[in-house]
file upload-v4.cif (mmCIF, C-alpha atoms)
data_start
#
loop_
_atom_site.label_atom_id
_atom_site.label_comp_id
_atom_site.auth_asym_id
_atom_site.auth_seq_id
_atom_site.Cartn_x
_atom_site.Cartn_y
_atom_site.Cartn_z
CA MET R 1 118.22 121.51 156.92
CA SER R 2 118.69 120.91 153.27
CA GLY R 3 115.56 120.69 151.13
CA THR R 4 113.20 122.09 153.75
CA ARG R 5 111.58 125.45 154.13
CA THR R 6 109.87 125.25 157.43
CA GLY R 7 112.13 122.71 159.08
CA VAL R 8 109.92 119.79 158.01
CA PRO R 9 111.52 117.56 155.39
CA GLN R 10 109.71 117.41 152.08
CA PRO R 11 108.34 114.01 151.13
CA PRO R 12 109.84 112.48 148.01
CA THR R 13 107.93 113.25 144.85
CA PHE R 14 106.07 110.35 143.31
CA ILE R 15 106.58 109.86 139.58
CA ALA R 16 103.81 107.84 137.99
CA ALA R 17 104.60 105.52 135.10
CA ASP R 18 102.73 105.68 131.82
CA THR R 19 100.13 102.93 132.22
CA ARG R 20 99.45 102.54 128.49
CA ILE R 21 102.65 100.56 128.08
CA PRO R 22 102.94 97.87 130.76
CA PHE R 23 106.17 97.11 132.62
CA PRO R 24 107.81 94.03 131.05
CA ASP R 25 107.25 90.80 132.89
CA SER R 26 108.76 87.36 132.45
CA ASP R 27 108.82 84.04 134.27
CA GLN R 28 112.47 83.59 133.32
CA PRO R 29 115.24 84.99 135.53
CA LEU R 30 116.33 88.28 133.95
CA ALA R 31 119.81 89.74 134.35
CA CYS R 32 118.44 93.14 135.37
CA ARG R 33 116.53 91.57 138.26
CA THR R 34 119.16 89.09 139.40
CA ASP R 35 122.09 91.55 139.18
CA PRO R 36 120.76 95.15 139.11
CA VAL R 37 124.15 96.63 140.05
CA LEU R 38 125.42 95.59 136.63
CA PHE R 39 123.07 98.13 134.98
CA ALA R 40 123.84 101.11 137.25
CA ILE R 41 126.69 102.43 135.11
CA GLU R 42 126.62 105.88 136.69
CA ASP R 43 127.85 104.32 139.96
CA VAL R 44 131.03 102.99 138.31
CA SER R 45 134.07 104.96 139.47
CA THR R 46 136.41 106.25 136.79
CA ALA R 47 139.05 107.48 139.26
CA ASP R 48 141.33 104.44 138.90
CA ASP R 49 140.40 103.46 135.34
CA PRO R 50 139.03 106.09 132.91
CA ARG R 51 137.51 103.40 130.67
CA ALA R 52 135.74 101.52 133.47
CA ARG R 53 132.36 103.09 132.66
CA GLU R 54 132.71 102.17 128.99
CA ARG R 55 133.41 98.55 129.90
CA ALA R 56 130.51 98.52 132.37
CA THR R 57 128.18 99.89 129.68
CA ALA R 58 129.31 97.25 127.18
CA GLN R 59 128.84 94.51 129.78
CA ALA R 60 125.32 95.74 130.64
CA LYS R 61 124.36 95.95 126.95
CA LYS R 62 125.65 92.43 126.40
CA ALA R 63 123.54 91.17 129.31
CA CYS R 64 120.48 92.83 127.71
CA SER R 65 121.13 91.38 124.28
CA GLY R 66 119.72 87.94 125.06
CA CYS R 67 116.80 89.13 127.17
CA PRO R 68 113.37 87.79 126.15
CA VAL R 69 111.59 91.04 127.08
CA VAL R 70 114.06 93.54 125.61
CA THR R 71 111.49 94.98 123.16
CA GLU R 72 108.86 95.58 125.86
CA CYS R 73 111.58 96.95 128.15
CA LEU R 74 112.66 99.47 125.51
CA LYS R 75 109.08 100.60 124.93
CA TRP R 76 108.57 101.07 128.67
CA ALA R 77 111.89 102.88 129.13
CA LEU R 78 111.15 105.25 126.24
CA ALA R 79 107.61 105.95 127.49
CA ASN R 80 108.85 106.72 131.03
CA PRO R 81 111.84 109.08 130.73
CA ASP R 82 111.50 110.37 134.30
CA LEU R 83 111.83 106.83 135.68
CA THR R 84 114.73 105.80 133.44
CA GLN R 85 117.10 108.74 133.79
CA THR R 86 120.06 106.56 134.75
CA GLY R 87 121.43 103.17 133.89
CA VAL R 88 121.11 100.86 130.94
CA TRP R 89 117.58 99.91 129.87
CA ALA R 90 117.04 97.50 126.98
CA ALA R 91 120.69 97.84 125.91
CA THR R 92 120.40 101.64 125.59
CA THR R 93 122.00 104.47 127.52
CA LYS R 94 120.30 107.70 128.56
CA ARG R 95 121.64 109.52 125.49
CA GLU R 96 120.48 106.78 123.11
CA ARG R 97 117.01 106.72 124.65
CA LYS R 98 116.74 110.49 124.28
CA ARG R 99 117.63 110.22 120.57
CA LEU R 100 115.10 107.40 120.07
CA ARG R 101 112.36 109.45 121.78
CA LYS R 102 113.02 112.37 119.44
CA GLN R 103 112.74 110.05 116.44
CA LEU R 104 109.46 108.62 117.74
CA VAL R 105 108.02 112.09 118.31
CA ALA R 106 109.04 113.13 114.79
CA ARG R 107 107.51 109.99 113.27
CA LEU R 108 104.38 109.39 115.39
CA GLY R 109 103.71 112.71 117.12
CA ASP R 110 103.80 113.90 120.72
CA ASP R 111 101.48 111.12 121.91
CA TRP R 112 103.62 108.35 120.45
CA PRO R 113 103.18 106.09 123.54
CA GLY R 114 99.44 106.02 122.83
CA VAL R 115 100.05 105.16 119.17
CA VAL R 116 102.48 102.37 120.10
CA ALA R 117 100.11 101.02 122.77
CA ASP R 118 97.25 101.01 120.25
CA GLN R 119 99.40 99.14 117.69
CA ASP R 120 100.35 96.57 120.34
CA ARG R 121 96.70 96.13 121.32
CA ARG R 122 95.67 95.54 117.69
CA ARG R 123 98.53 93.07 117.18
CA ARG R 124 97.49 91.11 120.29
CA GLU R 125 93.86 91.02 119.09
CA GLN R 126 94.92 89.71 115.68
CA GLN R 127 97.06 87.03 117.29
CA ARG R 128 94.16 86.00 119.54
CA VAL R 129 91.83 85.74 116.53
CA VAL R 130 94.40 83.69 114.62
CA ARG R 131 94.71 81.30 117.56
CA THR R 132 90.96 80.76 117.80
CA ALA R 133 90.13 80.44 114.10
CA PRO R 134 92.99 79.87 111.66
CA PRO R 135 92.50 81.59 108.30
CA THR R 136 91.61 79.53 105.26
CA VAL R 137 93.94 79.24 102.29
CA ARG R 138 91.68 81.61 100.35
CA ASP R 139 91.80 84.21 103.17
CA GLN R 140 95.59 83.97 103.30
CA ALA R 141 95.85 84.47 99.54
CA LEU R 142 93.51 87.47 99.64
CA ALA R 143 95.45 88.98 102.55
CA ARG R 144 98.71 88.52 100.64
CA LEU R 145 97.21 90.24 97.59
CA GLU R 146 95.96 93.12 99.72
CA LEU R 147 99.39 93.53 101.28
CA GLU R 148 101.09 93.54 97.91
CA LEU R 149 98.39 95.76 96.40
CA VAL R 150 98.45 93.61 93.29
CA PRO R 151 95.20 93.84 91.35
CA THR R 152 93.69 90.55 90.32
CA ARG R 153 94.52 89.78 86.70
CA PRO R 154 92.01 88.65 84.08
CA GLU R 155 92.23 85.17 82.63
CA PRO R 156 94.98 85.11 79.96
CA TYR R 157 93.91 84.77 76.33
CA ASN R 158 93.75 81.14 75.25
CA PRO R 159 93.59 80.92 71.42
CA TRP R 160 92.40 77.30 71.53
CA LYS R 161 89.33 78.05 73.59
CA GLN R 162 88.40 81.65 72.69
CA PRO R 163 87.81 83.10 69.24
CA ILE R 164 90.07 85.91 68.07
CA THR R 165 88.50 89.33 68.33
CA PRO R 166 88.72 91.96 65.56
CA GLN R 167 90.97 94.10 67.79
CA GLN R 168 93.36 91.19 68.33
CA ALA R 169 93.37 90.40 64.60
CA ALA R 170 94.23 94.03 63.76
CA ALA R 171 97.02 94.07 66.37
CA ASN R 172 98.46 90.81 64.98
CA ARG R 173 98.31 92.14 61.39
CA HIS R 174 100.10 95.34 62.48
CA VAL R 175 102.91 93.36 64.16
CA LEU R 176 103.34 91.20 61.06
CA GLU R 177 103.53 94.25 58.78
CA LEU R 178 106.21 95.82 60.97
CA ALA R 179 108.23 92.62 60.98
CA LEU R 180 108.01 92.32 57.16
CA ARG R 181 109.12 95.91 56.64
CA ARG R 182 112.24 95.34 58.77
CA ALA R 183 113.05 92.09 56.98
CA ALA R 184 112.81 93.69 53.51
#
call {"tool": "encode", "arguments": {"input": "upload-v4.cif", "output": "structure tokens"}}
result
Amino acid sequence: MSGTRTGVPQPPTFIAADTRIPFPDSDQPLACRTDPVLFAIEDVSTADDPRARERATAQAKKACSGCPVVTECLKWALANPDLTQTGVWAATTKRERKRLRKQLVARLGDDWPGVVADQDRRRREQQRVVRTAPPTVRDQALARLELELVPTRPEPYNPWKQPITPQQAAANRHVLELALRRAA
């Protein structure tokens, strides 16, 4: 018997999914759930047509392109490499997902799924707060300034309302002297 040591078949191993990133869910009919065979590109035979797998991959990627949960699907597929070893997930192949995982590890560290899950949680909390209490115009302006890191500027000098200071008078005199020297 293949796969057994004592004559008793081994039970299949259970691979648990990373629970920090939830499996994508939608009320809309998704192509991957209505036609899952379309995404199993490894099952496409290349005996008759050597380019059949390429066409099947392109067709599966095209079906993913309009999906409403493609972003969540990609996060889940990248966080669960043992469960997504075959097929097209979020318009990516196994090789593309492997490259994306390496980039995420280089950018966010080995526990990148935790970092991404934490960012998603914070984004959802901010959206919930925005829905309950919309920010005032002043809060929006302050947030924009914080994002741009632009320091607040002092009130510009208004010669009609403020007297000229000795420093400003000296600077004006210096500019006039320079202009007269060039003109002469």
call {"tool": "closest_residue", "arguments": {"input": "upload-v4.cif", "among": "R:Val70, R:Leu38, R:Leu145, R:Asp48", "to": "Asp25 of chain R", "atoms": "only C-alpha atoms"}}
result
R:Val70
call {"tool": "closest_residue", "arguments": {"input": "upload-v4.cif", "among": "R:Lys62, R:Lys75, R:Arg131, R:Arg181", "to": "Leu100 of chain R", "atoms": "only C-alpha atoms"}}
result
R:Lys75
call {"tool": "resolve_selection", "arguments": {"input": "upload-v4.cif", "expression": "the PyMOL selection byres ((chain R and resi 80) around 12)", "output": "list in words"}}
result
Ile15, Ala16, Ala17, Asp18, Thr19, Arg20, Ile21, Pro22, Phe23, Cys73, Leu74, Lys75, Trp76, Ala77, Leu78, Ala79, Pro81, Asp82, Leu83, Thr84, Gln85, Thr86, Trp89, Lys94, Arg97, Lys98, Arg101, Trp112 and Pro113 of chain R
call {"tool": "axis_aligned_box", "arguments": {"input": "upload-v4.cif", "around": "segment 17-26 of chain R", "padding_each_side": "3 Å", "output": "lines of an AutoDock Vina configuration file"}}
result
center_x = 104.1
center_y = 96.5
center_z = 131.6
size_x = 15.3
size_y = 24.3
size_z = 13.0
call {"tool": "atom_distance", "arguments": {"input": "upload-v4.cif", "atom1": "atom CA of Thr57 of chain R", "atom2": "atom CA of Asp43 of chain R"}}
result
11.2 Å
call {"tool": "resolve_selection", "arguments": {"input": "upload-v4.cif", "expression": "the PyMOL selection byres ((chain R and resi 40) around 9)", "output": "list in words"}}
result
Pro36, Val37, Leu38, Phe39, Ile41, Glu42, Asp43, Val44, Ala56, Thr57, Ala60, Thr86, Gly87 and Val88 of chain R
call {"tool": "atom_distance", "arguments": {"input": "upload-v4.cif", "atom1": "atom CA of Ala52 of chain R", "atom2": "atom CA of Arg33 of chain R"}}
result
22.2 Å
call {"tool": "atom_distance", "arguments": {"input": "upload-v4.cif", "atom1": "atom CA of Cys67 of chain R", "atom2": "atom CA of Arg121 of chain R"}}
result
22.1 Å
call {"tool": "closest_residue", "arguments": {"input": "upload-v4.cif", "among": "R:Gln127, R:Thr71, R:Ala170, R:Ala141", "to": "Thr92 of chain R", "atoms": "all atoms listed in the file"}}
result
R:Thr71
